[in-house]
$ cat target-v2.cif   # mmCIF, C-alpha atoms
data_run
loop_
_atom_site.label_atom_id
_atom_site.label_comp_id
_atom_site.auth_asym_id
_atom_site.auth_seq_id
_atom_site.Cartn_x
_atom_site.Cartn_y
_atom_site.Cartn_z
CA MET A 285 115.11 222.67 162.37
CA SER A 286 113.57 225.25 160.14
CA ASP A 287 111.40 224.20 157.24
CA THR A 288 112.33 226.55 154.41
CA SER A 289 109.63 225.08 152.18
CA THR A 290 107.00 226.70 154.37
CA LYS A 291 108.70 230.08 154.22
CA ARG A 292 108.92 232.45 151.35
CA ARG A 293 109.77 236.03 150.75
CA PRO A 294 106.68 238.24 150.63
CA SER A 295 105.77 239.59 147.23
CA LEU A 296 106.30 243.24 146.42
CA LEU A 297 102.53 243.69 146.54
CA GLU A 298 102.43 242.29 150.06
CA ARG A 299 105.32 244.51 151.06
CA ILE A 300 103.64 247.74 149.94
CA SER A 301 100.35 246.81 151.59
CA GLY A 302 100.11 247.43 155.28
CA PRO A 303 98.86 249.65 158.04
CA LYS A 304 101.13 252.52 156.98
CA ALA A 305 99.86 252.55 153.38
CA VAL A 306 98.61 255.97 152.27
CA PRO A 307 96.49 256.96 149.25
CA LEU A 308 98.40 256.90 145.98
CA SER A 309 97.02 260.33 145.10
CA ALA A 310 98.84 261.82 148.10
CA LEU A 311 102.09 260.10 147.08
CA VAL A 312 101.71 261.35 143.50
CA LYS A 313 101.35 264.90 144.80
CA LYS A 314 104.61 264.51 146.74
CA GLY A 315 106.26 263.12 143.62
CA GLU A 316 105.02 266.10 141.60
CA ALA A 317 106.38 268.52 144.17
CA ALA A 318 109.76 266.76 144.08
CA ALA A 319 109.77 266.91 140.28
CA GLU A 320 109.06 270.64 140.30
CA ARG A 321 112.03 271.24 142.58
CA VAL A 322 114.34 269.31 140.27
CA GLN A 323 112.93 271.01 137.16
CA GLU A 324 114.12 274.33 138.55
CA SER A 325 117.68 273.10 138.04
CA PHE A 326 117.13 272.37 134.36
CA GLY A 327 118.82 275.62 133.29
CA ASP A 328 122.14 274.54 134.83
CA PHE A 329 121.92 271.14 133.20
CA LEU A 330 120.99 272.69 129.85
CA GLY A 331 123.98 275.03 129.97
CA GLN A 332 126.33 272.15 130.72
CA ARG A 333 124.96 269.96 127.92
CA ILE A 334 125.11 272.80 125.38
CA ARG A 335 128.74 273.46 126.32
CA GLU A 336 129.49 269.79 125.64
CA LEU A 337 127.81 270.02 122.24
CA ALA A 338 129.57 273.30 121.45
CA ASP A 339 132.95 271.73 122.24
CA ALA A 340 132.19 268.69 120.10
CA ARG A 341 130.70 270.46 117.07
CA PHE A 342 134.04 271.54 115.60
CA ARG A 343 135.35 267.99 115.74
CA LEU A 344 132.43 266.45 113.83
CA ALA A 345 133.67 267.08 110.26
CA GLY A 346 135.57 263.94 109.29
CA ALA A 347 135.07 262.45 112.72
CA PRO A 348 134.70 258.65 113.16
CA PRO A 349 131.20 257.20 113.73
CA SER A 350 131.86 256.89 117.46
CA ALA A 351 132.24 260.67 117.78
CA TRP A 352 128.90 261.19 116.02
CA GLU A 353 127.29 258.55 118.27
CA GLN A 354 128.61 260.27 121.36
CA PHE A 355 127.27 263.59 120.07
CA TYR A 356 123.95 261.89 119.33
CA ALA A 357 123.74 260.49 122.86
CA VAL A 358 124.02 263.98 124.32
CA VAL A 359 121.33 265.27 121.94
CA VAL A 360 118.94 262.44 122.84
CA ASP A 361 119.52 263.04 126.52
CA LEU A 362 118.88 266.74 126.10
CA ARG A 363 115.65 266.13 124.18
CA GLY A 364 114.28 263.76 126.80
CA SER A 365 115.28 266.00 129.67
CA ALA A 366 113.86 269.08 127.93
CA ALA A 367 110.56 267.26 127.49
CA MET A 368 110.49 266.47 131.21
CA ALA A 369 111.20 270.13 131.99
CA ASP A 370 108.49 271.30 129.54
CA GLN A 371 111.08 273.05 127.34
CA ASN A 372 109.45 272.17 124.04
CA HIS A 373 111.47 274.55 121.82
CA ILE A 374 114.73 273.00 123.06
CA GLY A 375 113.26 269.56 122.40
CA ALA A 376 112.26 270.54 118.85
CA VAL A 377 115.81 271.63 117.98
CA CYS A 378 117.13 268.36 119.40
CA ARG A 379 114.63 266.36 117.35
CA SER A 380 115.79 268.08 114.18
CA LEU A 381 119.40 267.36 115.11
CA GLU A 382 118.58 263.70 115.78
CA THR A 383 117.06 263.44 112.30
CA LEU A 384 120.21 264.93 110.81
CA ILE A 385 122.48 262.45 112.59
CA LYS A 386 120.39 259.35 111.99
CA GLU A 387 119.04 259.90 108.49
CA HIS A 388 121.60 261.99 106.63
CA VAL A 389 125.14 261.59 105.36
CA ARG A 390 127.64 262.65 108.00
CA ASP A 391 129.96 264.97 106.10
CA SER A 392 131.38 268.45 106.58
CA ARG A 393 128.15 270.03 105.37
CA SER A 394 126.14 268.04 107.93
CA ALA A 395 128.65 269.05 110.59
CA GLY A 396 128.00 272.68 109.67
CA VAL A 397 124.23 272.28 109.95
CA ALA A 398 124.71 270.44 113.25
CA GLY A 399 126.70 273.47 114.42
CA SER A 400 123.78 275.73 113.48
CA HIS A 401 121.57 273.62 115.74
CA VAL A 402 124.01 274.12 118.60
CA ASP A 403 123.92 277.88 117.94
CA ALA A 404 120.12 277.73 118.06
CA LEU A 405 120.25 275.90 121.40
CA LEU A 406 122.58 278.58 122.75
CA LEU A 407 120.23 281.30 121.54
CA LEU A 408 117.09 279.66 122.93
CA SER A 409 118.71 278.86 126.26
CA SER A 410 119.74 282.46 126.72
CA ALA A 411 116.24 283.76 125.94
CA ARG A 412 113.93 284.21 128.85
CA GLN A 413 111.09 281.76 129.36
CA ASN A 414 108.23 282.41 126.91
CA GLU A 415 110.21 285.17 125.23
CA GLY A 416 110.11 285.10 121.44
CA GLN A 417 108.07 281.92 121.05
CA ASN A 418 107.17 282.90 117.48
CA ASP A 419 110.82 283.52 116.64
CA SER A 420 111.80 280.13 118.03
CA GLY A 421 109.14 278.48 115.87
CA ARG A 422 110.58 280.13 112.76
CA LEU A 423 114.13 279.22 113.78
CA ILE A 424 113.18 275.58 114.27
CA ALA A 425 111.42 275.47 110.90
CA GLU A 426 114.54 276.86 109.20
CA LEU A 427 116.73 274.25 110.89
CA GLU A 428 114.41 271.48 109.75
CA GLN A 429 114.55 272.82 106.19
CA ALA A 430 118.35 272.91 106.32
CA VAL A 431 118.39 269.29 107.43
CA ALA A 432 115.93 268.29 104.70
CA ARG A 433 118.30 269.73 102.07
CA LEU A 434 121.18 267.48 103.17
CA PRO A 435 121.82 264.25 101.26
CA ARG A 436 120.19 261.24 102.83
CA LYS A 437 121.99 258.07 103.73
CA THR A 438 121.51 255.36 101.15
CA THR A 439 119.86 252.23 102.43
CA SER A 440 121.52 249.04 101.32
CA MET B 240 92.15 241.89 141.67
CA ALA B 241 91.00 245.11 143.30
CA ALA B 242 92.71 248.28 142.15
CA ILE B 243 95.55 249.45 144.36
CA THR B 244 94.60 252.75 145.98
CA LYS B 245 97.07 252.85 148.87
CA ALA B 246 100.70 251.93 149.27
CA ASP B 247 103.68 252.11 151.57
CA PHE B 248 106.90 251.91 149.57
CA SER B 249 109.19 252.40 152.55
CA SER B 250 110.50 248.83 152.48
CA LEU B 251 111.45 248.96 148.80
CA THR B 252 114.84 249.52 147.21
CA ILE B 253 114.69 250.91 143.67
CA LEU B 254 117.65 251.32 141.34
CA VAL B 255 117.57 254.13 138.76
CA ILE B 256 120.05 253.87 135.88
CA ASP B 257 120.50 256.90 133.62
CA ASP B 258 123.55 258.64 132.19
CA SER B 259 121.74 261.98 132.28
CA PRO B 260 122.38 263.73 135.60
CA PHE B 261 119.12 265.65 135.24
CA MET B 262 116.96 262.59 134.56
CA LEU B 263 118.73 260.60 137.25
CA LYS B 264 118.00 263.26 139.82
CA LEU B 265 114.44 263.79 138.59
CA LEU B 266 113.51 260.11 138.75
CA ALA B 267 115.26 259.56 142.06
CA GLU B 268 113.55 262.54 143.67
CA MET B 269 110.13 261.57 142.33
CA LEU B 270 110.52 258.04 143.72
CA ALA B 271 111.78 259.41 147.03
CA GLY B 272 108.70 261.66 147.02
CA PHE B 273 106.58 258.52 146.68
CA GLY B 274 108.16 257.35 149.92
CA VAL B 275 110.42 254.67 148.46
CA GLY B 276 112.71 253.59 151.29
CA LYS B 277 115.97 253.43 149.37
CA VAL B 278 116.65 254.89 145.92
CA LEU B 279 119.97 253.83 144.42
CA THR B 280 121.35 255.61 141.37
CA ALA B 281 123.86 254.65 138.70
CA ALA B 282 125.07 256.64 135.70
CA THR B 283 126.67 253.73 133.83
CA ALA B 284 126.15 250.01 133.34
CA ASP B 285 129.29 249.22 135.32
CA GLU B 286 128.15 251.36 138.21
CA ALA B 287 124.72 249.73 138.08
CA PHE B 288 126.09 246.19 138.30
CA GLN B 289 128.42 247.21 141.13
CA ARG B 290 125.44 248.58 143.04
CA MET B 291 123.43 245.41 142.36
CA GLU B 292 126.23 243.22 143.67
CA LEU B 293 126.05 245.04 146.98
CA ARG B 294 122.29 245.24 147.21
CA SER B 295 119.70 243.63 145.00
CA PRO B 296 116.99 246.14 144.08
CA ASP B 297 113.29 245.34 144.17
CA VAL B 298 112.59 247.32 140.98
CA ILE B 299 114.84 248.85 138.31
CA PHE B 300 114.10 251.95 136.21
CA CYS B 301 116.62 252.17 133.36
CA ASP B 302 117.08 254.62 130.51
CA TRP B 303 117.36 253.01 127.09
CA GLN B 304 119.48 255.57 125.25
CA MET B 305 122.76 255.55 127.12
CA TYR B 306 126.29 255.64 125.75
CA PRO B 307 128.33 253.45 125.33
CA VAL B 308 126.27 250.68 127.03
CA ASP B 309 122.55 251.15 126.54
CA GLY B 310 119.58 250.07 128.63
CA LEU B 311 118.70 247.17 126.36
CA THR B 312 122.17 245.68 126.85
CA ILE B 313 121.80 246.04 130.62
CA LEU B 314 118.39 244.33 130.48
CA ARG B 315 119.79 241.43 128.43
CA ARG B 316 122.71 240.98 130.84
CA LEU B 317 120.32 240.93 133.79
CA ARG B 318 117.92 238.45 132.26
CA GLN B 319 120.81 236.11 131.37
CA GLN B 320 121.88 235.82 135.01
CA HIS B 321 119.75 232.74 135.59
CA GLN B 322 121.48 231.81 138.83
CA SER B 323 120.83 235.20 140.36
CA GLN B 324 117.67 236.84 141.62
CA LEU B 325 118.61 239.78 139.36
CA ALA B 326 117.22 237.80 136.43
CA TYR B 327 113.74 238.25 137.91
CA VAL B 328 113.82 241.84 139.17
CA PRO B 329 110.97 243.93 137.70
CA PHE B 330 112.51 246.20 135.05
CA VAL B 331 110.97 249.40 133.65
CA MET B 332 112.56 250.76 130.47
CA VAL B 333 112.58 254.57 130.26
CA THR B 334 112.93 256.05 126.79
CA GLY B 335 112.34 259.00 124.52
CA HIS B 336 111.20 256.73 121.68
CA ASN B 337 107.71 255.32 121.45
CA ALA B 338 107.82 253.42 118.17
CA ASN B 339 105.92 250.15 118.30
CA GLU B 340 108.99 248.14 117.33
CA ASP B 341 110.95 249.64 120.24
CA VAL B 342 108.22 248.72 122.73
CA THR B 343 108.00 245.21 121.31
CA LEU B 344 111.76 244.78 121.43
CA ALA B 345 112.08 245.91 125.05
CA LEU B 346 109.18 243.78 126.26
CA GLY B 347 110.46 240.83 124.24
CA GLU B 348 113.84 241.10 125.96
CA GLY B 349 112.20 240.91 129.37
CA ALA B 350 111.25 244.45 130.34
CA ASP B 351 108.15 244.47 132.55
CA SER B 352 107.04 247.93 131.51
CA TYR B 353 108.00 250.77 129.20
CA VAL B 354 107.62 254.47 129.98
CA VAL B 355 108.06 257.20 127.38
CA LYS B 356 109.40 260.68 128.17
CA PRO B 357 107.89 263.06 128.98
CA PHE B 358 105.91 261.45 131.79
CA SER B 359 104.16 262.78 134.86
CA ALA B 360 104.44 261.65 138.47
CA GLU B 361 101.08 259.92 138.04
CA THR B 362 102.36 257.96 135.03
CA LEU B 363 105.49 256.97 136.93
CA MET B 364 103.32 255.77 139.81
CA ASN B 365 101.14 253.76 137.42
CA HIS B 366 104.18 251.97 136.01
CA LEU B 367 105.55 251.29 139.47
CA ILE B 368 102.25 249.81 140.62
CA LYS B 369 101.95 247.82 137.40
CA VAL B 370 105.28 246.03 137.87
CA ILE B 371 104.64 245.50 141.58
CA VAL B 372 101.25 243.90 140.89
CA GLY B 373 102.77 241.76 138.14
CA ASP B 374 105.84 240.80 140.16
CA LYS B 375 106.44 237.07 140.44
CA SER B 376 110.09 237.30 141.39
CA HIS B 377 109.45 236.02 144.90
CA LEU B 378 108.14 232.77 143.42
CA ALA B 379 111.06 232.19 141.06
CA GLN B 380 112.95 228.96 141.65
CA LEU B 381 116.70 229.38 141.46
CA PRO B 382 118.90 226.49 140.25
CA ASP B 383 119.87 225.54 143.81
CA GLY B 384 116.24 224.87 144.62
CA SER B 385 115.81 227.93 146.75
CA SER B 386 113.23 230.50 145.93
CA HIS B 387 114.12 234.04 145.03
CA GLY B 388 115.18 235.90 148.13
CA ALA B 389 115.49 232.72 150.16
CA GLN B 390 118.65 233.98 151.82
CA GLU B 391 116.32 236.04 153.91
CA THR B 392 113.96 234.23 156.24
CA TRP B 393 110.37 235.34 156.45
CA ALA B 394 107.66 234.12 158.73
CA VAL B 395 104.53 232.78 157.15
CA GLU B 396 101.47 234.21 158.71
#
$ encode --input "target-v2.cif" --output "structure tokens"
Amino acid sequence: MSDTSTKRRPSLLERISGPKAVPLSALVKKGEAAAERVQESFGDFLGQRIRELADARFRLAGAPPSAWEQFYAVVVDLRGSAAMADQNHIGAVCRSLETLIKEHVRDSRSAGVAGSHVDALLLLSSARQNEGQNDSGRLIAELEQAVARLPRKTTS
Amino acid sequence: MAAITKADFSSLTILVIDDSPFMLKLLAEMLAGFGVGKVLTAATADEAFQRMELRSPDVIFCDWQMYPVDGLTILRRLRQQHQSQLAYVPFVMVTGHNANEDVTLALGEGADSYVVKPFSAETLMNHLIKVIVGDKSHLAQLPDGSSHGAQETWAVE
């Protein structure tokens, strides 16, 4: 008869410790190399996400909250992914768009400014890496100003 | 406890949940690069729970901002499954937001760690080690009196 009280599953710490354990620094290097390979595919992902936003932008005016939330989810995803791929200018446009969606009234004017953000993403994605960094900075500043001019949601 | 400087993750199964194909691939590949034995992926909550029914993961990395079911909802559903070992699986919340209230909320709901994008491979490793060191899931007593993972028999050395 087996005595289950004397047996237990090893902890995760016990399971990762053993004769085959290798230095964490070496594993981190392998993880970094894997990340670099995946980051090379960011352009394809970016193009796909921008197409989704471009398709949705014309449906935003008068759209129900769920449509805005779905749009927002794509923007948040794009910002996080852009950050992981070191695409800071893409991330900055997404941040401005997030502010618009979360803090401002969602009307036809907001939908128009949201569309301008999508245009900016298209423009920046088509520019070569490191090309026109100053221009992108000015573009992002103008988008942020356009968002700031929109009426804010009232807090109840 | 001495700092962990070496590891062999080949016996671990890790589930990555993210609705972003890019992030899903990035996290999965980084973990595979660490030598994790089995990396499962899910793009939705439904897919994640289906995967967990077939194979209980040792650690979960889950994105917070997903649509329509977000990571916090998945975490709450997991932690409510008191009769399942899933209630005790180490859970790392992945997010683009680093506001204090978000961190507090996730940890309060039972997340074991919280990683903010962008993060490096080294940061990911640190979070993985942190939840492994803090793991007590193997000691958890389930309602039937068995300990977590008791369906598997292990020899005591």
$ resolve_selection --input "target-v2.cif" --expression "the PyMOL selection byres ((chain A and resi 335) around 12)" --output "list in words"
Asp328, Phe329, Leu330, Gly331, Gln332, Arg333, Ile334, Glu336, Leu337, Ala338, Asp339, Ala340, Arg341, Phe355, Val358, Val359, Leu362, Val402, Asp403, Leu405, Leu406 and Ser409 of chain A
$ write_last_selection --input "target-v2.cif" --atoms "C-alpha atoms" --output "PDB file, keeping the file's coordinate frame"
ATOM      1  CA  ASP A 328     122.140 274.540 134.830  1.00  0.00           C
ATOM      2  CA  PHE A 329     121.920 271.140 133.200  1.00  0.00           C
ATOM      3  CA  LEU A 330     120.990 272.690 129.850  1.00  0.00           C
ATOM      4  CA  GLY A 331     123.980 275.030 129.970  1.00  0.00           C
ATOM      5  CA  GLN A 332     126.330 272.150 130.720  1.00  0.00           C
ATOM      6  CA  ARG A 333     124.960 269.960 127.920  1.00  0.00           C
ATOM      7  CA  ILE A 334     125.110 272.800 125.380  1.00  0.00           C
ATOM      8  CA  GLU A 336     129.490 269.790 125.640  1.00  0.00           C
ATOM      9  CA  LEU A 337     127.810 270.020 122.240  1.00  0.00           C
ATOM     10  CA  ALA A 338     129.570 273.300 121.450  1.00  0.00           C
ATOM     11  CA  ASP A 339     132.950 271.730 122.240  1.00  0.00           C
ATOM     12  CA  ALA A 340     132.190 268.690 120.100  1.00  0.00           C
ATOM     13  CA  ARG A 341     130.700 270.460 117.070  1.00  0.00           C
ATOM     14  CA  PHE A 355     127.270 263.590 120.070  1.00  0.00           C
ATOM     15  CA  VAL A 358     124.020 263.980 124.320  1.00  0.00           C
ATOM     16  CA  VAL A 359     121.330 265.270 121.940  1.00  0.00           C
ATOM     17  CA  LEU A 362     118.880 266.740 126.100  1.00  0.00           C
ATOM     18  CA  VAL A 402     124.010 274.120 118.600  1.00  0.00           C
ATOM     19  CA  ASP A 403     123.920 277.880 117.940  1.00  0.00           C
ATOM     20  CA  LEU A 405     120.250 275.900 121.400  1.00  0.00           C
ATOM     21  CA  LEU A 406     122.580 278.580 122.750  1.00  0.00           C
ATOM     22  CA  SER A 409     118.710 278.860 126.260  1.00  0.00           C
TER      23      SER A 409
END
$ interface_residues --input "target-v2.cif" --of "chain B" --to "chain A" --cutoff "9 Å" --atoms "only C-alpha atoms" --output "VMD selection string"
chain B and resid 243 to 251 258 to 262 264 to 266 268 to 274 297 304 to 307 334 to 335 356 to 361 363 to 364 368 371 to 378 385 to 389 391 to 395
$ residues_around --input "target-v2.cif" --residues "segment 385-396 of chain A" --least-positions-apart "6" --cutoff "6 Å" --atoms "only C-alpha atoms" --output "PyMOL selection string"
chain A and resi 344-345+435-437
$ write_last_selection --input "target-v2.cif" --atoms "C-alpha atoms" --output "PDB file, in the coordinates of the input"
ATOM      1  CA  LEU A 344     132.430 266.450 113.830  1.00  0.00           C
ATOM      2  CA  ALA A 345     133.670 267.080 110.260  1.00  0.00           C
ATOM      3  CA  PRO A 435     121.820 264.250 101.260  1.00  0.00           C
ATOM      4  CA  ARG A 436     120.190 261.240 102.830  1.00  0.00           C
ATOM      5  CA  LYS A 437     121.990 258.070 103.730  1.00  0.00           C
TER       6      LYS A 437
END
$ closest_residue --input "target-v2.cif" --among "B:Val333, B:Val354, B:Val255, B:Leu317" --to "Ala281 of chain B" --atoms "all atoms listed in the file"
B:Val255
$ closest_residue --input "target-v2.cif" --among "B:Gln319, B:Arg290, B:Val355, B:Leu314" --to "Asn337 of chain B" --atoms "all atoms listed in the file"
B:Val355
$ resolve_selection --input "target-v2.cif" --expression "the PyMOL selection byres ((chain B and resi 300) around 9)" --output "PDB file with C-alpha atoms, keeping the file's coordinate frame"
ATOM      1  CA  ILE B 253     114.690 250.910 143.670  1.00  0.00           C
ATOM      2  CA  LEU B 254     117.650 251.320 141.340  1.00  0.00           C
ATOM      3  CA  VAL B 255     117.570 254.130 138.760  1.00  0.00           C
ATOM      4  CA  ILE B 256     120.050 253.870 135.880  1.00  0.00           C
ATOM      5  CA  ASP B 257     120.500 256.900 133.620  1.00  0.00           C
ATOM      6  CA  LEU B 266     113.510 260.110 138.750  1.00  0.00           C
ATOM      7  CA  VAL B 298     112.590 247.320 140.980  1.00  0.00           C
ATOM      8  CA  ILE B 299     114.840 248.850 138.310  1.00  0.00           C
ATOM      9  CA  CYS B 301     116.620 252.170 133.360  1.00  0.00           C
ATOM     10  CA  ASP B 302     117.080 254.620 130.510  1.00  0.00           C
ATOM     11  CA  PRO B 329     110.970 243.930 137.700  1.00  0.00           C
ATOM     12  CA  PHE B 330     112.510 246.200 135.050  1.00  0.00           C
ATOM     13  CA  VAL B 331     110.970 249.400 133.650  1.00  0.00           C
ATOM     14  CA  MET B 332     112.560 250.760 130.470  1.00  0.00           C
ATOM     15  CA  VAL B 333     112.580 254.570 130.260  1.00  0.00           C
TER      16      VAL B 333
END
$ atom_distance --input "target-v2.cif" --atom1 "atom CA of Leu263 of chain B" --atom2 "atom CA of Ala404 of chain A"
25.8 Å
$ closest_residue --input "target-v2.cif" --among "B:Leu367, B:Met291, B:Ala379, B:Ala345" --to "Gln322 of chain B" --atoms "all atoms listed in the file"
B:Ala379
$ atom_distance --input "target-v2.cif" --atom1 "atom CA of Ser400 of chain A" --atom2 "atom CA of Gly327 of chain A"
20.4 Å
$ atom_distance --input "target-v2.cif" --atom1 "atom CA of Ala398 of chain A" --atom2 "atom CA of Gln429 of chain A"
12.6 Å
$ resolve_selection --input "target-v2.cif" --expression "the PyMOL selection byres ((chain A and resi 423) around 12)" --output "PyMOL selection string"
chain A and resi 373-374+376-377+380+400-401+403-405+407-408+416-422+424-430
$ axis_aligned_box --input "target-v2.cif" --around "segment 405-409 of chain A" --padding-each-side "3 Å" --output "JSON"
{"center_x": 119.8, "center_y": 278.6, "center_z": 123.8, "size_x": 11.5, "size_y": 11.4, "size_z": 10.9}
$ closest_residue --input "target-v2.cif" --among "B:Gln324, B:Ala350, B:Ser295, B:Thr252" --to "Val278 of chain B" --atoms "all atoms listed in the file"
B:Thr252
